[in-house]
$ cat model-v3.txt   # compact mmCIF, C-alpha atoms
# COMPACT_ATOMS: atom_id res chain seq x y z
CA MET A 29 0.00 0.00 0.00
CA PRO A 30 1.25 3.58 -0.60
CA THR A 31 2.96 5.28 2.33
CA ASP A 32 3.30 8.87 1.11
CA GLU A 33 1.45 11.40 3.25
CA ILE A 34 -0.07 8.77 5.57
CA THR A 35 0.51 9.85 9.16
CA ALA A 36 -0.01 8.27 12.55
CA ALA A 37 -3.34 10.10 12.82
CA ALA A 38 -4.82 7.56 10.38
CA ALA A 39 -4.85 4.99 13.20
CA GLY A 40 -7.15 7.08 15.38
CA SER A 41 -6.46 8.16 18.94
CA TRP A 42 -6.76 7.08 22.58
CA THR A 43 -6.30 8.81 25.91
CA LEU A 44 -3.51 7.88 28.31
CA GLY A 45 -4.64 9.49 31.53
CA ASP A 46 -4.96 13.14 30.57
CA ARG A 47 -2.91 12.86 27.37
CA THR A 48 -4.32 12.00 23.93
CA VAL A 49 -2.06 9.97 21.62
CA HIS A 50 -2.34 8.52 18.14
CA ARG A 51 -2.84 4.76 18.30
CA MET A 52 0.17 4.22 16.03
CA GLY A 53 3.25 4.92 18.09
CA PHE A 54 6.94 4.03 17.99
CA GLY A 55 9.02 1.59 20.03
CA SER A 56 12.61 2.70 20.63
CA MET A 57 14.41 -0.51 21.63
CA ARG A 58 15.84 -1.22 18.17
CA ILE A 59 17.33 2.22 17.57
CA THR A 60 20.14 1.27 19.96
CA ALA A 61 21.38 -1.64 17.81
CA ASN A 62 23.23 0.38 15.17
CA PRO A 63 26.31 2.35 16.31
CA ASP A 64 25.32 5.09 13.83
CA ARG A 65 23.74 7.61 16.20
CA ASP A 66 22.82 9.90 13.33
CA LEU A 67 20.61 7.17 11.86
CA ALA A 68 18.73 6.77 15.15
CA VAL A 69 18.24 10.53 15.35
CA ARG A 70 16.88 10.62 11.78
CA VAL A 71 14.43 7.81 12.50
CA LEU A 72 13.12 9.46 15.66
CA ARG A 73 12.69 12.83 13.99
CA ARG A 74 10.98 11.22 11.02
CA ALA A 75 8.58 9.43 13.37
CA VAL A 76 7.49 12.77 14.83
CA GLU A 77 7.22 14.25 11.31
CA LEU A 78 4.84 11.39 10.49
CA GLY A 79 2.61 12.33 13.40
CA VAL A 80 3.82 9.86 16.03
CA ASN A 81 3.20 11.39 19.45
CA HIS A 82 3.61 8.26 21.60
CA ILE A 83 7.14 6.87 21.96
CA ASP A 84 7.85 3.80 24.06
CA THR A 85 11.23 3.39 25.73
CA ALA A 86 12.82 1.93 28.87
CA ALA A 87 15.63 2.60 31.29
CA PHE A 88 17.12 -0.73 30.19
CA TYR A 89 17.01 -0.20 26.40
CA PHE A 90 20.68 0.04 25.59
CA SER A 91 23.26 -1.64 23.36
CA PRO A 92 25.61 -3.37 23.50
CA GLY A 93 24.77 -5.52 26.52
CA GLY A 94 21.04 -4.80 26.69
CA PRO A 95 18.04 -7.01 25.93
CA LEU A 96 18.84 -7.12 22.18
CA ARG A 97 22.26 -8.63 22.98
CA VAL A 98 23.73 -7.04 19.85
CA GLY A 99 25.87 -4.07 18.93
CA THR A 100 29.42 -2.83 19.09
CA GLY A 101 31.09 0.37 20.22
CA GLY A 102 30.11 2.60 23.10
CA VAL A 103 26.94 2.10 25.10
CA ARG A 104 23.91 3.74 23.49
CA TYR A 105 20.80 4.38 25.59
CA ALA A 106 17.47 4.79 23.80
CA THR A 107 16.51 7.51 26.26
CA GLU A 108 19.62 9.54 25.41
CA LEU A 109 19.00 9.13 21.68
CA ILE A 110 15.43 10.35 22.16
CA ARG A 111 16.71 13.43 23.97
CA GLU A 112 19.35 14.08 21.31
CA ALA A 113 16.77 13.83 18.52
CA LEU A 114 13.71 15.51 20.01
CA HIS A 115 14.58 17.81 22.93
CA PRO A 116 12.99 20.30 23.44
CA TYR A 117 10.04 17.98 23.09
CA PRO A 118 6.85 18.79 21.15
CA ASP A 119 4.01 19.69 23.50
CA ASP A 120 1.87 16.74 22.36
CA LEU A 121 4.60 14.09 22.64
CA VAL A 122 4.05 11.38 25.27
CA ILE A 123 7.10 9.34 26.24
CA ALA A 124 6.27 6.10 28.06
CA THR A 125 9.17 4.38 29.78
CA LYS A 126 9.69 1.19 31.78
CA VAL A 127 11.53 0.30 34.94
CA GLY A 128 11.85 -2.93 36.88
CA PRO A 129 14.73 -5.17 35.74
CA ASP A 130 18.04 -4.67 37.51
CA TYR A 131 20.82 -3.73 35.07
CA ARG A 132 23.36 -2.02 37.33
CA THR A 133 26.15 -4.26 36.05
CA GLY A 134 25.73 -2.74 32.56
CA ALA A 135 24.45 -6.05 31.23
CA TRP A 136 20.91 -7.34 30.85
CA SER A 137 20.13 -9.82 33.62
CA GLY A 138 16.34 -9.82 33.77
CA GLU A 139 16.44 -9.90 37.56
CA LEU A 140 14.06 -7.54 39.31
CA ALA A 141 15.18 -4.31 40.93
CA SER A 142 14.23 -3.74 44.55
CA PRO A 143 11.61 -1.10 45.38
CA ALA A 144 14.42 1.17 46.57
CA ASP A 145 16.23 0.78 43.24
CA LEU A 146 13.12 1.83 41.30
CA ARG A 147 13.63 5.44 42.37
CA ARG A 148 17.17 5.30 41.00
CA GLN A 149 15.83 4.01 37.69
CA VAL A 150 13.18 6.74 37.55
CA GLU A 151 15.81 9.39 38.28
CA GLU A 152 18.03 7.90 35.57
CA ASN A 153 15.16 8.16 33.09
CA LEU A 154 14.61 11.78 34.08
CA ARG A 155 18.30 12.60 33.63
CA ARG A 156 18.81 10.82 30.31
CA LEU A 157 15.56 12.18 28.83
CA GLY A 158 16.14 15.67 30.21
CA ARG A 159 12.74 15.86 31.90
CA ASP A 160 11.52 17.03 35.30
CA HIS A 161 8.76 14.41 35.26
CA LEU A 162 7.94 11.26 33.28
CA ASP A 163 4.69 11.05 31.31
CA VAL A 164 4.12 7.31 31.84
CA VAL A 165 6.17 4.75 33.76
CA ASN A 166 5.39 1.07 33.27
CA LEU A 167 6.46 -1.45 35.89
CA ARG A 168 8.02 -4.38 34.04
CA ILE A 169 7.90 -7.66 35.95
CA VAL A 170 9.19 -11.21 35.56
CA ARG A 171 6.34 -13.68 35.83
CA ARG A 172 6.96 -16.23 38.55
CA PRO A 173 3.67 -17.91 39.48
CA GLY A 174 3.20 -17.77 43.22
CA ASP A 175 6.02 -15.25 43.68
CA ASP A 176 5.38 -12.32 41.34
CA SER A 177 3.22 -9.86 43.23
CA VAL A 178 3.43 -6.32 41.87
CA ALA A 179 2.10 -4.65 45.02
CA GLU A 180 5.33 -3.59 46.75
CA ARG A 181 7.03 -2.30 43.60
CA PHE A 182 3.92 -0.65 42.19
CA ALA A 183 3.33 1.08 45.53
CA ALA A 184 6.89 2.42 45.37
CA LEU A 185 6.16 3.93 41.95
CA ALA A 186 2.85 5.30 43.21
CA GLU A 187 4.80 7.20 45.88
CA LEU A 188 6.97 8.73 43.14
CA ARG A 189 3.79 9.64 41.28
CA ASP A 190 2.45 11.37 44.37
CA ALA A 191 5.79 13.22 44.61
CA GLY A 192 5.34 14.58 41.08
CA LEU A 193 8.14 12.64 39.38
CA ILE A 194 5.67 10.50 37.39
CA ARG A 195 2.42 11.57 35.76
CA HIS A 196 0.83 8.17 35.01
CA LEU A 197 1.52 4.50 35.80
CA GLY A 198 1.28 1.31 33.79
CA LEU A 199 2.29 -2.35 33.84
CA SER A 200 4.29 -4.62 31.55
CA ASN A 201 4.40 -8.42 31.14
CA VAL A 202 1.49 -9.07 33.49
CA ARG A 203 -1.71 -11.06 34.04
CA VAL A 204 -5.21 -9.94 34.98
CA ASP A 205 -4.52 -10.58 38.67
CA HIS A 206 -1.54 -8.20 38.49
CA LEU A 207 -3.81 -5.52 37.02
CA ASP A 208 -6.28 -6.11 39.86
CA GLU A 209 -3.49 -5.79 42.41
CA ALA A 210 -2.12 -2.57 40.91
CA GLN A 211 -5.48 -0.87 40.44
CA ALA A 212 -6.17 -1.32 44.14
CA ILE A 213 -3.12 0.90 44.77
CA ALA A 214 -3.24 3.57 42.04
CA PRO A 215 -4.76 4.22 38.59
CA VAL A 216 -3.30 2.22 35.69
CA VAL A 217 -3.43 3.87 32.26
CA CYS A 218 -1.85 1.11 30.15
CA VAL A 219 -0.68 -2.49 30.05
CA GLN A 220 2.16 -3.66 27.79
CA ASN A 221 2.37 -7.36 26.92
CA ALA A 222 3.82 -9.46 24.14
CA TYR A 223 0.99 -10.03 21.67
CA ALA A 224 0.68 -10.80 17.97
CA VAL A 225 -1.70 -12.34 15.48
CA ASP A 226 0.22 -15.62 15.67
CA ALA A 227 1.88 -15.50 19.09
CA HIS A 228 1.30 -14.80 22.78
CA ARG A 229 -2.48 -15.12 22.45
CA SER A 230 -2.65 -16.07 26.13
CA SER A 231 -3.11 -12.30 26.60
CA ASP A 232 -6.50 -12.34 24.80
CA ASP A 233 -8.36 -12.22 28.10
CA LEU A 234 -6.16 -9.44 29.47
CA LEU A 235 -6.76 -7.39 26.32
CA ARG A 236 -10.52 -7.78 26.81
CA VAL A 237 -10.38 -6.84 30.50
CA CYS A 238 -8.30 -3.75 29.72
CA GLY A 239 -10.94 -2.65 27.22
CA GLU A 240 -13.70 -3.11 29.77
CA ARG A 241 -11.78 -0.99 32.29
CA GLY A 242 -10.70 1.76 29.88
CA VAL A 243 -7.03 0.79 30.14
CA ALA A 244 -4.88 1.00 27.02
CA PHE A 245 -3.46 -2.34 25.85
CA VAL A 246 -0.07 -1.85 24.19
CA PRO A 247 1.31 -4.97 22.48
CA PHE A 248 5.00 -5.41 21.89
CA PHE A 249 6.47 -8.00 19.48
CA ALA A 250 3.46 -7.50 17.16
CA LEU A 251 5.90 -7.75 14.24
CA ALA A 252 8.43 -10.11 15.82
CA GLY A 253 5.98 -12.72 17.13
CA GLU A 254 7.88 -15.64 18.60
CA ARG A 255 11.20 -14.15 17.43
CA ARG A 256 10.85 -11.55 20.17
CA GLU A 257 14.08 -9.51 20.50
CA ALA A 258 15.48 -11.10 17.34
CA GLY A 259 13.31 -8.78 15.26
CA ALA A 260 10.46 -8.77 12.76
CA THR A 261 9.58 -12.22 11.55
CA ALA A 262 9.67 -13.19 7.88
CA GLU A 263 7.51 -16.23 8.62
CA HIS A 264 3.86 -15.37 8.00
CA ASP A 265 1.05 -17.89 7.76
CA ALA A 266 -1.02 -18.23 4.61
CA ALA A 267 -3.87 -16.08 5.93
CA VAL A 268 -1.60 -13.10 6.62
CA ARG A 269 -0.09 -13.36 3.14
CA GLU A 270 -3.50 -13.69 1.47
CA VAL A 271 -4.91 -10.63 3.24
CA ALA A 272 -1.76 -8.67 2.41
CA ARG A 273 -2.08 -9.50 -1.28
CA ALA A 274 -5.76 -8.54 -1.30
CA HIS A 275 -4.98 -5.11 0.13
CA GLY A 276 -1.73 -4.46 -1.73
CA ALA A 277 0.01 -4.31 1.65
CA THR A 278 2.98 -6.05 3.23
CA PRO A 279 2.47 -8.89 5.70
CA HIS A 280 3.97 -6.68 8.41
CA GLN A 281 1.37 -4.00 7.70
CA VAL A 282 -1.37 -6.60 8.01
CA ARG A 283 0.05 -7.72 11.35
CA LEU A 284 -0.06 -4.13 12.63
CA ALA A 285 -3.54 -3.50 11.22
CA TRP A 286 -4.81 -6.69 12.89
CA THR A 287 -3.32 -5.43 16.16
CA LEU A 288 -5.18 -2.12 15.95
CA HIS A 289 -8.42 -3.90 15.01
CA GLN A 290 -8.45 -5.75 18.35
CA GLY A 291 -10.09 -2.78 20.05
CA PRO A 292 -10.12 1.03 20.16
CA HIS A 293 -8.00 0.86 23.32
CA VAL A 294 -5.17 -1.03 21.58
CA LEU A 295 -2.05 1.00 20.74
CA ALA A 296 0.71 -0.16 18.39
CA ILE A 297 4.39 0.57 19.10
CA PRO A 298 6.37 -1.04 16.25
CA GLY A 299 10.07 -0.32 16.41
CA THR A 300 12.67 -0.07 13.67
CA GLY A 301 15.98 1.55 12.89
CA ASP A 302 15.10 1.89 9.20
CA PRO A 303 13.34 5.08 7.97
CA GLU A 304 11.63 3.22 5.10
CA HIS A 305 10.24 0.56 7.43
CA LEU A 306 9.10 3.33 9.76
CA ALA A 307 6.95 4.91 7.02
CA GLN A 308 5.47 1.51 6.13
CA ASN A 309 4.62 0.83 9.76
CA VAL A 310 2.92 4.20 10.22
CA ALA A 311 0.94 3.70 7.00
CA ALA A 312 -0.46 0.44 8.38
CA GLY A 313 -2.67 2.57 10.61
CA ALA A 314 -4.74 3.44 7.53
CA LEU A 315 -5.33 -0.21 6.56
CA ARG A 316 -8.92 -1.22 7.25
CA LEU A 317 -9.59 -4.94 7.51
CA SER A 318 -13.02 -6.38 6.77
CA PRO A 319 -14.86 -8.81 9.05
CA ASP A 320 -13.93 -11.55 6.58
CA ASP A 321 -10.26 -10.54 6.79
CA LEU A 322 -10.35 -10.66 10.57
CA ALA A 323 -12.11 -14.03 10.58
CA ARG A 324 -9.46 -15.39 8.23
CA LEU A 325 -6.64 -14.10 10.42
CA GLY A 326 -8.21 -15.55 13.57
$ encode --input "model-v3.txt" --output "structure tokens"
Amino acid sequence: MPTDEITAAAAGSWTLGDRTVHRMGFGSMRITANPDRDLAVRVLRRAVELGVNHIDTAAFYFSPGGPLRVGTGGVRYATELIREALHPYPDDLVIATKVGPDYRTGAWSGELASPADLRRQVEENLRRLGRDHLDVVNLRIVRRPGDDSVAERFAALAELRDAGLIRHLGLSNVRVDHLDEAQAIAPVVCVQNAYAVDAHRSSDDLLRVCGERGVAFVPFFALAGERREAGATAEHDAAVREVARAHGATPHQVRLAWTLHQGPHVLAIPGTGDPEHLAQNVAAGALRLSPDDLARLG
């Protein structure tokens, strides 16, 4: 499908707390992979030119040594690249970040930070982004059935919200019971979970509950599927390819369109370090799938 002049506004909008964002956003993890900082800056600026006003990032998005486990050269933090590209920030730009995993060693471990360390991570986000408050902070957890309560850590973030360092709170990598637990402490504006047309469908129920409660559901790995941090998959089932051909779109655009069609509260945050792929991703917000398309995709 053509990408010229299609902006993020084509996907519609949703409200995160008191901030309205276009439902097609941008995920910043992959901009750290390439040592060419100028390329990352160009991609970020182009995203804003295309109407993106919701950028997802994290304190622990960095390369080399971060969750992508790729890259050479000096350490590059997504938050610093965002500041370099976009500061002073547009008034309508919402930057959502994540805290939770402990990465003090400079390498991705996946272990959880203590409640006391969460303040350090929030302050690090503030410093690297050049902000005096954070728009949205998502608590990222590691699921350990029977031992993965969010209460203590979420309460610690709620205290930072009350202190004015955070505007809104969210959750990442959670179940419905985690959402219940958090909402008993403070308002939750969004939930981020792995979710795709062909992967991680265990979050179907969580997506539905979020819609019922007016909470944004923000899938990550919508393009990567089971490849996760390895990047956008080239393996698409027959239904995705058939729908793509029928619409003159790419399979990746169909995957993003399917994501947005799961509910008006669903926000897309595809990430890329390639300006051409960025434009294709944003254009997917204009792709309208029919009931027959959606039934075929499942």
$ atom_distance --input "model-v3.txt" --atom1 "CA of Gly45 (chain A)" --atom2 "CA of Phe182 (chain A)"
17.0 Å
$ closest_residue --input "model-v3.txt" --among "A:Ala214, A:Thr85, A:Gly93, A:Thr100" --to "Leu157 (chain A)" --atoms "all atoms listed in the file"
A:Thr85
$ closest_residue --input "model-v3.txt" --among "A:Ser177, A:Thr107, A:Gln211, A:Gln281" --to "Gly55 (chain A)" --atoms "only C-alpha atoms"
A:Thr107
$ residues_around --input "model-v3.txt" --residues "Arg148 (chain A)" --least-positions-apart "4" --cutoff "12 Å" --atoms "only C-alpha atoms" --output "list in words"
Ala87, Val127, Gly128, Pro129, Asp130, Tyr131, Arg132, Ala141, Ser142, Pro143, Ala144, Glu152, Asn153, Leu154, Arg155, Ala184, Leu185, Leu188 and Leu193 of chain A
$ closest_residue --input "model-v3.txt" --among "A:Ala124, A:Ala260, A:Ala183, A:Ala61" --to "Gly102 (chain A)" --atoms "only C-alpha atoms"
A:Ala61
$ residues_near_point --input "model-v3.txt" --point "(-3.4, -2.8, 37.2)" --cutoff "12 Å" --atoms "all atoms listed in the file" --output "compact mmCIF listing (two decimals) with C-alpha atoms, in the frame of the given file"
# COMPACT_ATOMS: atom_id res chain seq x y z
CA ASN A 166 5.39 1.07 33.27
CA LEU A 167 6.46 -1.45 35.89
CA ARG A 168 8.02 -4.38 34.04
CA SER A 177 3.22 -9.86 43.23
CA VAL A 178 3.43 -6.32 41.87
CA ALA A 179 2.10 -4.65 45.02
CA PHE A 182 3.92 -0.65 42.19
CA ALA A 183 3.33 1.08 45.53
CA ALA A 186 2.85 5.30 43.21
CA HIS A 196 0.83 8.17 35.01
CA LEU A 197 1.52 4.50 35.80
CA GLY A 198 1.28 1.31 33.79
CA LEU A 199 2.29 -2.35 33.84
CA SER A 200 4.29 -4.62 31.55
CA ASN A 201 4.40 -8.42 31.14
CA VAL A 202 1.49 -9.07 33.49
CA ARG A 203 -1.71 -11.06 34.04
CA VAL A 204 -5.21 -9.94 34.98
CA ASP A 205 -4.52 -10.58 38.67
CA HIS A 206 -1.54 -8.20 38.49
CA LEU A 207 -3.81 -5.52 37.02
CA ASP A 208 -6.28 -6.11 39.86
CA GLU A 209 -3.49 -5.79 42.41
CA ALA A 210 -2.12 -2.57 40.91
CA GLN A 211 -5.48 -0.87 40.44
CA ALA A 212 -6.17 -1.32 44.14
CA ILE A 213 -3.12 0.90 44.77
CA ALA A 214 -3.24 3.57 42.04
CA PRO A 215 -4.76 4.22 38.59
CA VAL A 216 -3.30 2.22 35.69
CA VAL A 217 -3.43 3.87 32.26
CA CYS A 218 -1.85 1.11 30.15
CA VAL A 219 -0.68 -2.49 30.05
CA GLN A 220 2.16 -3.66 27.79
CA LEU A 234 -6.16 -9.44 29.47
CA VAL A 237 -10.38 -6.84 30.50
CA CYS A 238 -8.30 -3.75 29.72
CA ARG A 241 -11.78 -0.99 32.29
CA GLY A 242 -10.70 1.76 29.88
CA VAL A 243 -7.03 0.79 30.14
CA ALA A 244 -4.88 1.00 27.02
CA PHE A 245 -3.46 -2.34 25.85
$ atom_distance --input "model-v3.txt" --atom1 "CA of His82 (chain A)" --atom2 "CA of Ala106 (chain A)"
14.5 Å
$ closest_residue --input "model-v3.txt" --among "A:Thr43, A:Thr48, A:Ser56, A:Gln290" --to "Ser91 (chain A)" --atoms "only C-alpha atoms"
A:Ser56
$ atom_distance --input "model-v3.txt" --atom1 "CA of Arg229 (chain A)" --atom2 "CA of Val294 (chain A)"
14.4 Å
$ closest_residue --input "model-v3.txt" --among "A:Asp302, A:Asp145, A:Glu270, A:Asp320" --to "Arg181 (chain A)" --atoms "only C-alpha atoms"
A:Asp145
$ decode --input "model-v3.txt" --residues "region 124-160 of chain A" --atoms "N, CA and C atoms" --output "short mmCIF file (atom, residue, chain, number, x, y, z; two decimals), in the first residue's frame"
data_model
loop_
_atom_site.label_atom_id
_atom_site.label_comp_id
_atom_site.auth_asym_id
_atom_site.auth_seq_id
_atom_site.Cartn_x
_atom_site.Cartn_y
_atom_site.Cartn_z
N ALA A 124 6.55 7.13 27.05
CA ALA A 124 6.27 6.10 28.06
C ALA A 124 7.54 5.28 28.26
N THR A 125 7.96 5.13 29.50
CA THR A 125 9.17 4.38 29.78
C THR A 125 8.86 3.23 30.73
N LYS A 126 9.85 2.37 30.91
CA LYS A 126 9.69 1.19 31.78
C LYS A 126 10.84 1.11 32.76
N VAL A 127 10.52 0.61 33.94
CA VAL A 127 11.53 0.30 34.94
C VAL A 127 11.19 -1.08 35.50
N GLY A 128 12.12 -1.65 36.24
CA GLY A 128 11.85 -2.93 36.88
C GLY A 128 13.02 -3.88 36.90
N PRO A 129 13.56 -4.28 35.73
CA PRO A 129 14.73 -5.17 35.74
C PRO A 129 15.96 -4.46 36.28
N ASP A 130 16.81 -5.21 36.96
CA ASP A 130 18.04 -4.67 37.51
C ASP A 130 19.15 -4.80 36.47
N TYR A 131 19.77 -3.68 36.09
CA TYR A 131 20.82 -3.73 35.07
C TYR A 131 22.05 -2.92 35.52
N ARG A 132 22.27 -2.85 36.82
CA ARG A 132 23.36 -2.02 37.33
C ARG A 132 24.72 -2.48 36.86
N THR A 133 24.85 -3.75 36.50
CA THR A 133 26.15 -4.26 36.05
C THR A 133 26.46 -3.81 34.63
N GLY A 134 25.52 -3.13 33.95
CA GLY A 134 25.73 -2.74 32.56
C GLY A 134 25.37 -3.83 31.59
N ALA A 135 24.86 -4.94 32.09
CA ALA A 135 24.45 -6.05 31.23
C ALA A 135 23.03 -6.45 31.61
N TRP A 136 22.29 -6.94 30.64
CA TRP A 136 20.91 -7.34 30.85
C TRP A 136 20.86 -8.63 31.63
N SER A 137 20.22 -8.61 32.81
CA SER A 137 20.13 -9.82 33.62
C SER A 137 18.71 -10.33 33.72
N GLY A 138 17.73 -9.41 33.63
CA GLY A 138 16.34 -9.82 33.77
C GLY A 138 15.89 -9.96 35.21
N GLU A 139 16.82 -9.84 36.16
CA GLU A 139 16.44 -9.90 37.56
C GLU A 139 15.74 -8.61 37.96
N LEU A 140 14.86 -8.69 38.94
CA LEU A 140 14.06 -7.54 39.31
C LEU A 140 14.80 -6.60 40.25
N ALA A 141 14.64 -5.32 40.02
CA ALA A 141 15.18 -4.31 40.93
C ALA A 141 14.34 -4.28 42.20
N SER A 142 14.96 -3.89 43.29
CA SER A 142 14.23 -3.74 44.55
C SER A 142 13.39 -2.48 44.48
N PRO A 143 12.38 -2.35 45.35
CA PRO A 143 11.61 -1.10 45.38
C PRO A 143 12.49 0.13 45.55
N ALA A 144 13.54 0.02 46.36
CA ALA A 144 14.42 1.17 46.57
C ALA A 144 15.16 1.53 45.29
N ASP A 145 15.51 0.51 44.49
CA ASP A 145 16.23 0.78 43.24
C ASP A 145 15.33 1.41 42.18
N LEU A 146 14.01 1.26 42.30
CA LEU A 146 13.12 1.83 41.30
C LEU A 146 13.25 3.35 41.24
N ARG A 147 13.44 3.98 42.38
CA ARG A 147 13.63 5.44 42.37
C ARG A 147 14.89 5.80 41.59
N ARG A 148 15.95 5.03 41.76
CA ARG A 148 17.17 5.30 41.00
C ARG A 148 16.91 5.18 39.50
N GLN A 149 16.13 4.17 39.11
CA GLN A 149 15.83 4.01 37.69
C GLN A 149 14.97 5.15 37.17
N VAL A 150 14.01 5.60 37.95
CA VAL A 150 13.18 6.74 37.55
C VAL A 150 14.05 7.98 37.40
N GLU A 151 14.94 8.22 38.35
CA GLU A 151 15.81 9.39 38.28
C GLU A 151 16.75 9.29 37.08
N GLU A 152 17.19 8.08 36.75
CA GLU A 152 18.03 7.90 35.57
C GLU A 152 17.26 8.25 34.30
N ASN A 153 16.01 7.80 34.23
CA ASN A 153 15.16 8.16 33.09
C ASN A 153 15.02 9.67 32.97
N LEU A 154 14.76 10.32 34.08
CA LEU A 154 14.61 11.78 34.08
C LEU A 154 15.88 12.46 33.56
N ARG A 155 17.03 11.99 34.02
CA ARG A 155 18.30 12.60 33.63
C ARG A 155 18.59 12.37 32.15
N ARG A 156 18.45 11.12 31.70
CA ARG A 156 18.81 10.82 30.31
C ARG A 156 17.82 11.45 29.32
N LEU A 157 16.55 11.56 29.71
CA LEU A 157 15.56 12.18 28.83
C LEU A 157 15.56 13.70 28.94
N GLY A 158 16.15 14.24 30.00
CA GLY A 158 16.14 15.67 30.21
C GLY A 158 14.77 16.20 30.60
N ARG A 159 14.09 15.48 31.47
CA ARG A 159 12.74 15.86 31.90
C ARG A 159 12.71 16.10 33.40
N ASP A 160 11.72 16.87 33.86
CA ASP A 160 11.52 17.03 35.30
C ASP A 160 10.42 16.12 35.81
#
